[in-house]
Amino acid sequence: MSQLPSNLFCSIKQLIENSKKSIVRNINTTMLLTYFQIGKVIVENEQDGRDRAEYAKETLKNLSHQLTREFGRGYSVDSLQWMRKFYLMYQNRIAEKYETVFRNSAKGSNYESTSRNSFFSLSWSHYIQLMKIENPDERNFYEIEASQNNWSVRELIRQFNSAIYERLALTRDVKGVKELAQKGQIIEKSTDVLKSHYVLEFLDLKEDNHYSESDLETEIINKLEHFMLELGKGFLFEGRQRRFTFEGDSFFVDLVFYNRLLRCFVLLDLKIGKLSHQDIGQMQMYVNYYDRKVKLAEENPTIGIILCKEENKTVIEFTLPENNNTIFAKEYKAILPTKEELKKQVR
(Lines give C-alpha, C1' and ligand atoms only; values in the text may rest on other atoms or scores of the structure.)
Protein backbone atom coordinates (compact mmCIF):
# COMPACT_ATOMS: atom_id res chain seq x y z
CA MET A 1 0.00 0.00 0.00
CA SER A 2 1.42 3.37 -1.02
CA GLN A 3 2.10 6.02 1.59
CA LEU A 4 -0.60 8.68 1.98
CA PRO A 5 0.49 12.34 1.81
CA SER A 6 0.86 13.54 5.40
CA ASN A 7 -1.86 16.18 5.23
CA LEU A 8 -4.41 14.32 3.10
CA PHE A 9 -6.02 12.25 5.84
CA CYS A 10 -6.00 15.14 8.34
CA SER A 11 -7.61 17.53 5.86
CA ILE A 12 -10.42 15.13 4.97
CA LYS A 13 -10.91 14.17 8.62
CA GLN A 14 -11.34 17.84 9.50
CA LEU A 15 -13.91 18.29 6.73
CA ILE A 16 -15.95 15.31 7.93
CA GLU A 17 -15.81 16.42 11.58
CA ASN A 18 -16.86 19.97 10.66
CA SER A 19 -19.70 18.56 8.58
CA LYS A 20 -20.92 16.43 11.49
CA LYS A 21 -20.82 19.42 13.83
CA SER A 22 -22.76 21.49 11.32
CA ILE A 23 -25.42 18.78 10.99
CA VAL A 24 -25.80 18.56 14.78
CA ARG A 25 -26.10 22.36 15.05
CA ASN A 26 -28.68 22.47 12.28
CA ILE A 27 -30.72 19.66 13.84
CA ASN A 28 -30.66 21.40 17.21
CA THR A 29 -31.69 24.73 15.66
CA THR A 30 -34.52 23.12 13.71
CA MET A 31 -35.75 21.32 16.81
CA LEU A 32 -35.78 24.49 18.93
CA LEU A 33 -37.54 26.51 16.25
CA THR A 34 -40.07 23.73 15.70
CA TYR A 35 -40.87 23.49 19.42
CA PHE A 36 -41.11 27.27 19.55
CA GLN A 37 -43.63 27.25 16.68
CA ILE A 38 -45.64 24.42 18.26
CA GLY A 39 -45.81 26.42 21.49
CA LYS A 40 -46.94 29.48 19.55
CA VAL A 41 -49.76 27.58 17.81
CA ILE A 42 -50.95 26.17 21.16
CA VAL A 43 -50.96 29.64 22.78
CA GLU A 44 -52.75 31.23 19.82
CA ASN A 45 -55.35 28.47 19.93
CA GLU A 46 -55.97 29.25 23.60
CA GLN A 47 -56.18 32.98 22.96
CA ASP A 48 -58.94 32.53 20.42
CA GLY A 49 -61.24 32.38 23.43
CA ARG A 50 -62.80 29.09 22.51
CA ASP A 51 -61.05 27.03 25.19
CA ARG A 52 -61.76 27.11 28.86
CA ALA A 53 -59.17 25.69 31.25
CA GLU A 54 -60.59 22.17 31.44
CA TYR A 55 -61.34 22.09 27.73
CA ALA A 56 -57.80 23.31 26.92
CA LYS A 57 -56.37 20.54 29.09
CA GLU A 58 -58.43 17.97 27.22
CA THR A 59 -57.31 19.50 23.93
CA LEU A 60 -53.64 18.98 24.81
CA LYS A 61 -54.38 15.41 25.82
CA ASN A 62 -56.05 14.65 22.48
CA LEU A 63 -53.32 16.51 20.59
CA SER A 64 -50.66 14.49 22.37
CA HIS A 65 -52.42 11.25 21.51
CA GLN A 66 -52.65 12.05 17.81
CA LEU A 67 -49.09 13.41 17.51
CA THR A 68 -47.66 10.38 19.30
CA ARG A 69 -49.60 8.03 17.05
CA GLU A 70 -48.33 9.89 13.98
CA PHE A 71 -44.72 10.72 14.95
CA GLY A 72 -43.86 8.54 17.96
CA ARG A 73 -42.41 9.61 21.30
CA GLY A 74 -41.64 13.19 22.27
CA TYR A 75 -45.13 14.69 22.24
CA SER A 76 -46.53 13.86 25.66
CA VAL A 77 -48.80 16.35 27.42
CA ASP A 78 -45.87 17.42 29.59
CA SER A 79 -43.72 17.98 26.50
CA LEU A 80 -46.41 20.07 24.83
CA GLN A 81 -46.75 22.15 28.00
CA TRP A 82 -42.98 22.77 27.97
CA MET A 83 -43.23 23.91 24.32
CA ARG A 84 -46.03 26.28 25.29
CA LYS A 85 -43.92 27.69 28.12
CA PHE A 86 -40.90 27.92 25.79
CA TYR A 87 -42.83 30.19 23.45
CA LEU A 88 -44.18 32.36 26.25
CA MET A 89 -40.74 32.81 27.83
CA TYR A 90 -38.69 33.38 24.70
CA GLN A 91 -41.08 34.90 22.16
CA ASN A 92 -39.49 38.35 22.40
CA ARG A 93 -36.05 36.87 21.84
CA ILE A 94 -36.54 34.76 18.75
CA ALA A 95 -39.97 35.36 17.23
CA GLU A 96 -39.23 38.13 14.73
CA LYS A 97 -35.59 37.34 14.03
CA TYR A 98 -35.83 33.60 13.45
CA GLU A 99 -39.33 32.90 12.20
CA THR A 100 -38.06 33.81 8.72
CA VAL A 101 -35.35 31.17 9.09
CA PHE A 102 -37.98 28.64 10.16
CA ARG A 103 -40.23 29.45 7.17
CA ASN A 104 -37.31 28.93 4.82
CA SER A 105 -36.48 25.51 6.26
CA ALA A 106 -38.61 23.78 3.65
CA LYS A 107 -36.32 25.28 1.00
CA GLY A 108 -33.29 23.64 2.55
CA SER A 109 -31.87 26.81 4.09
CA ASN A 110 -28.50 26.63 5.80
CA TYR A 111 -28.68 27.29 9.55
CA GLU A 112 -24.94 27.79 9.94
CA SER A 113 -25.04 31.49 10.84
CA THR A 114 -28.12 31.04 13.00
CA SER A 115 -26.79 28.08 14.94
CA ARG A 116 -23.72 30.06 15.94
CA ASN A 117 -25.99 32.33 17.90
CA SER A 118 -25.62 31.62 21.61
CA PHE A 119 -29.33 30.92 21.93
CA PHE A 120 -29.02 27.90 19.65
CA SER A 121 -25.83 26.58 21.22
CA LEU A 122 -27.95 25.02 23.97
CA SER A 123 -30.15 21.96 23.60
CA TRP A 124 -33.82 21.48 24.33
CA SER A 125 -32.84 19.65 27.53
CA HIS A 126 -30.90 22.75 28.63
CA TYR A 127 -33.95 24.94 28.07
CA ILE A 128 -36.20 22.63 30.05
CA GLN A 129 -33.88 23.14 33.02
CA LEU A 130 -33.67 26.90 32.42
CA MET A 131 -37.45 27.23 32.27
CA LYS A 132 -37.66 25.80 35.78
CA ILE A 133 -35.89 28.95 37.08
CA GLU A 134 -38.50 31.53 38.02
CA ASN A 135 -36.27 34.59 38.43
CA PRO A 136 -35.61 35.95 34.89
CA ASP A 137 -32.28 37.55 35.89
CA GLU A 138 -31.08 34.29 37.38
CA ARG A 139 -32.33 32.38 34.34
CA ASN A 140 -30.47 34.75 31.97
CA PHE A 141 -27.27 34.26 33.96
CA TYR A 142 -27.39 30.46 33.74
CA GLU A 143 -28.25 30.60 30.03
CA ILE A 144 -25.24 32.82 29.30
CA GLU A 145 -22.86 30.76 31.42
CA ALA A 146 -24.07 27.42 30.04
CA SER A 147 -23.57 28.70 26.48
CA GLN A 148 -20.18 30.35 27.03
CA ASN A 149 -18.71 27.48 29.04
CA ASN A 150 -20.26 24.59 27.09
CA TRP A 151 -21.93 23.19 30.19
CA SER A 152 -23.58 19.84 29.80
CA VAL A 153 -27.11 19.53 31.16
CA ARG A 154 -25.71 17.71 34.19
CA GLU A 155 -23.22 20.54 34.83
CA LEU A 156 -25.97 23.15 34.44
CA ILE A 157 -28.05 21.34 37.07
CA ARG A 158 -25.04 21.06 39.35
CA GLN A 159 -24.18 24.77 39.03
CA PHE A 160 -27.79 25.73 39.73
CA ASN A 161 -28.05 23.41 42.73
CA SER A 162 -24.80 24.84 44.14
CA ALA A 163 -26.32 28.35 43.83
CA ILE A 164 -23.44 29.84 41.87
CA TYR A 165 -25.58 32.86 40.93
CA GLU A 166 -26.30 33.72 44.56
CA ARG A 167 -22.71 33.06 45.62
CA LEU A 168 -21.36 35.41 42.96
CA ALA A 169 -24.05 38.00 43.68
CA LEU A 170 -23.03 38.13 47.35
CA THR A 171 -19.56 39.35 46.33
CA ARG A 172 -20.87 42.19 44.15
CA ASP A 173 -22.64 45.51 44.44
CA VAL A 174 -26.02 46.26 42.84
CA LYS A 175 -24.44 47.14 39.50
CA GLY A 176 -22.40 43.95 39.57
CA VAL A 177 -25.49 41.82 40.21
CA LYS A 178 -27.23 43.41 37.22
CA GLU A 179 -24.22 42.66 35.05
CA LEU A 180 -24.41 38.99 36.07
CA ALA A 181 -27.92 38.83 34.63
CA GLN A 182 -27.01 40.72 31.46
CA LYS A 183 -23.50 39.48 30.67
CA GLY A 184 -22.78 36.49 32.89
CA GLN A 185 -19.57 36.34 34.91
CA ILE A 186 -17.03 38.86 33.58
CA ILE A 187 -13.45 38.40 34.80
CA GLU A 188 -11.57 41.72 34.78
CA LYS A 189 -10.13 42.08 38.30
CA SER A 190 -9.11 39.80 41.14
CA THR A 191 -12.41 40.01 43.03
CA ASP A 192 -14.33 38.89 39.92
CA VAL A 193 -13.08 35.31 40.33
CA LEU A 194 -14.39 35.04 43.89
CA LYS A 195 -17.56 33.47 45.21
CA SER A 196 -18.99 34.00 48.68
CA HIS A 197 -17.90 30.41 49.41
CA TYR A 198 -17.01 27.26 47.51
CA VAL A 199 -19.04 24.07 47.34
CA LEU A 200 -17.08 20.81 47.22
CA GLU A 201 -19.92 18.31 47.46
CA PHE A 202 -18.41 16.33 44.56
CA LEU A 203 -15.55 15.27 46.88
CA ASP A 204 -18.03 13.21 48.93
CA LEU A 205 -16.58 14.50 52.20
CA LYS A 206 -19.08 14.41 55.05
CA GLU A 207 -19.34 17.46 57.28
CA ASP A 208 -18.63 15.43 60.42
CA ASN A 209 -15.83 13.30 58.94
CA HIS A 210 -12.28 13.63 60.25
CA TYR A 211 -9.85 14.24 57.40
CA SER A 212 -6.53 16.00 57.08
CA GLU A 213 -5.51 18.84 54.78
CA SER A 214 -3.52 16.28 52.81
CA ASP A 215 -6.67 14.16 52.39
CA LEU A 216 -8.56 17.22 51.18
CA GLU A 217 -5.82 18.06 48.69
CA THR A 218 -5.71 14.48 47.39
CA GLU A 219 -9.47 14.39 46.85
CA ILE A 220 -9.31 17.71 44.97
CA ILE A 221 -6.55 16.38 42.70
CA ASN A 222 -8.54 13.19 42.09
CA LYS A 223 -11.49 15.31 40.92
CA LEU A 224 -9.54 18.21 39.50
CA GLU A 225 -11.90 18.82 36.57
CA HIS A 226 -14.86 19.25 38.94
CA PHE A 227 -12.81 21.50 41.21
CA MET A 228 -11.74 23.77 38.33
CA LEU A 229 -15.35 24.11 37.23
CA GLU A 230 -16.17 25.19 40.78
CA LEU A 231 -13.29 27.70 40.79
CA GLY A 232 -14.74 29.38 37.72
CA LYS A 233 -13.55 30.81 34.41
CA GLY A 234 -10.06 30.88 33.01
CA PHE A 235 -8.26 28.59 35.48
CA LEU A 236 -5.35 26.38 34.40
CA PHE A 237 -3.73 23.89 36.79
CA GLU A 238 -0.02 24.54 37.36
CA GLY A 239 0.84 22.10 40.14
CA ARG A 240 0.53 20.89 43.73
CA GLN A 241 2.93 21.25 46.68
CA ARG A 242 5.10 23.76 44.84
CA ARG A 243 8.24 24.20 46.94
CA PHE A 244 10.47 27.21 47.39
CA THR A 245 13.37 27.54 49.79
CA PHE A 246 15.30 30.38 51.37
CA GLU A 247 17.75 30.49 54.27
CA GLY A 248 17.54 26.71 54.57
CA ASP A 249 13.78 26.58 55.13
CA SER A 250 11.40 25.02 52.60
CA PHE A 251 7.81 26.12 52.08
CA PHE A 252 5.07 24.43 50.06
CA VAL A 253 2.09 25.98 48.30
CA ASP A 254 -0.75 23.44 48.33
CA LEU A 255 -2.21 24.17 44.88
CA VAL A 256 -1.07 26.58 42.18
CA PHE A 257 -3.26 27.70 39.29
CA TYR A 258 -2.92 30.29 36.55
CA ASN A 259 -5.86 32.39 35.40
CA ARG A 260 -5.47 33.20 31.73
CA LEU A 261 -8.18 35.90 31.83
CA LEU A 262 -6.51 37.83 34.65
CA ARG A 263 -3.03 36.77 33.50
CA CYS A 264 -1.83 35.97 37.00
CA PHE A 265 -0.98 33.10 39.32
CA VAL A 266 -3.61 32.00 41.83
CA LEU A 267 -2.31 30.24 44.94
CA LEU A 268 -4.56 28.06 47.10
CA ASP A 269 -3.81 27.05 50.66
CA LEU A 270 -6.10 24.46 52.27
CA LYS A 271 -7.11 24.71 55.93
CA ILE A 272 -9.48 22.27 57.63
CA GLY A 273 -9.75 24.31 60.83
CA LYS A 274 -10.69 27.87 61.71
CA LEU A 275 -8.68 30.56 59.99
CA SER A 276 -5.86 32.20 62.00
CA HIS A 277 -3.73 35.30 61.43
CA GLN A 278 -0.74 32.98 60.95
CA ASP A 279 -2.50 31.43 57.95
CA ILE A 280 -2.95 34.87 56.41
CA GLY A 281 0.68 35.79 57.08
CA GLN A 282 1.83 32.56 55.45
CA MET A 283 -0.24 33.26 52.36
CA GLN A 284 1.15 36.81 52.21
CA MET A 285 4.64 35.32 52.10
CA TYR A 286 3.64 32.92 49.30
CA VAL A 287 2.14 35.76 47.26
CA ASN A 288 5.18 37.99 47.80
CA TYR A 289 7.50 35.19 46.69
CA TYR A 290 5.56 34.52 43.47
CA ASP A 291 5.34 38.25 42.69
CA ARG A 292 9.08 38.78 43.17
CA LYS A 293 10.57 35.51 41.95
CA VAL A 294 8.14 33.72 39.63
CA LYS A 295 5.75 35.99 37.75
CA LEU A 296 6.87 37.83 34.63
CA ALA A 297 6.99 41.62 34.50
CA GLU A 298 4.02 41.80 32.13
CA GLU A 299 1.84 39.54 34.32
CA ASN A 300 -0.53 40.84 36.98
CA PRO A 301 -0.05 40.50 40.77
CA THR A 302 -0.50 37.04 42.25
CA ILE A 303 -3.77 36.19 44.02
CA GLY A 304 -3.82 34.09 47.18
CA ILE A 305 -6.93 32.25 48.35
CA ILE A 306 -7.07 30.47 51.70
CA LEU A 307 -9.74 27.79 51.41
CA CYS A 308 -10.83 27.05 54.95
CA LYS A 309 -13.61 25.20 56.70
CA GLU A 310 -14.36 28.16 58.95
CA GLU A 311 -13.31 31.70 58.15
CA ASN A 312 -12.76 34.36 60.83
CA LYS A 313 -14.00 37.71 59.53
CA THR A 314 -12.54 39.71 62.40
CA VAL A 315 -9.07 38.24 61.94
CA ILE A 316 -9.31 38.89 58.20
CA GLU A 317 -10.44 42.47 58.74
CA PHE A 318 -7.58 43.42 61.07
CA THR A 319 -4.81 41.36 59.48
CA LEU A 320 -5.24 42.49 55.88
CA PRO A 321 -5.02 46.13 54.71
CA GLU A 322 -8.28 47.89 53.86
CA ASN A 323 -7.36 48.17 50.19
CA ASN A 324 -6.41 44.49 49.91
CA ASN A 325 -7.17 42.96 46.52
CA THR A 326 -4.75 40.05 46.39
CA ILE A 327 -5.35 37.82 49.43
CA PHE A 328 -8.72 36.31 50.29
CA ALA A 329 -10.10 33.77 52.74
CA LYS A 330 -13.12 31.74 51.64
CA GLU A 331 -15.04 28.95 53.31
CA TYR A 332 -15.70 25.69 51.59
CA LYS A 333 -18.83 23.60 52.11
CA ALA A 334 -18.80 19.82 51.89
CA ILE A 335 -22.53 19.74 51.12
CA LEU A 336 -24.76 21.79 48.84
CA PRO A 337 -25.92 25.06 50.43
CA THR A 338 -29.53 26.01 51.04
CA LYS A 339 -30.54 28.14 48.08
CA GLU A 340 -33.30 29.89 49.99
CA GLU A 341 -30.88 31.17 52.63
CA LEU A 342 -28.53 32.46 49.96
CA LYS A 343 -31.40 34.16 48.14
CA LYS A 344 -32.39 35.90 51.36
CA GLN A 345 -28.82 37.18 51.75
CA VAL A 346 -28.79 38.48 48.18
CA ARG A 347 -32.11 40.26 48.70
# chains A, B, ... in the order shown; residues from 1 in each chain; ligands from 1
>>> residues_around(residues="Asp137 in chain A", least_positions_apart="6", cutoff="9 Å", atoms="only C-alpha atoms", output="ChimeraX atom specification")
/A:178,180-182
>>> closest_atom_pairs(of="range 180-225 of chain A", to="range 303-315 of chain A", cutoff="9 Å", atoms="only C-alpha atoms", output="CSV")
residue,atom,partner,partner_atom,distance
A:Ser190,CA,A:Ile303,CA,7.1
A:His197,CA,A:Leu307,CA,8.8
A:Tyr198,CA,A:Leu307,CA,8.3
>>> closest_residue(among="A:Leu231, A:Val177, A:Ile335, A:Ile221", to="Glu138 in chain A", atoms="only C-alpha atoms")
A:Val177
>>> atom_distance(atom1="CA of Ser121 in chain A", atom2="CA of Asn28 in chain A")
8.1 Å
>>> closest_residue(among="A:Arg172, A:Glu179, A:Phe252, A:Phe120", to="Asn140 in chain A", atoms="only C-alpha atoms")
A:Glu179
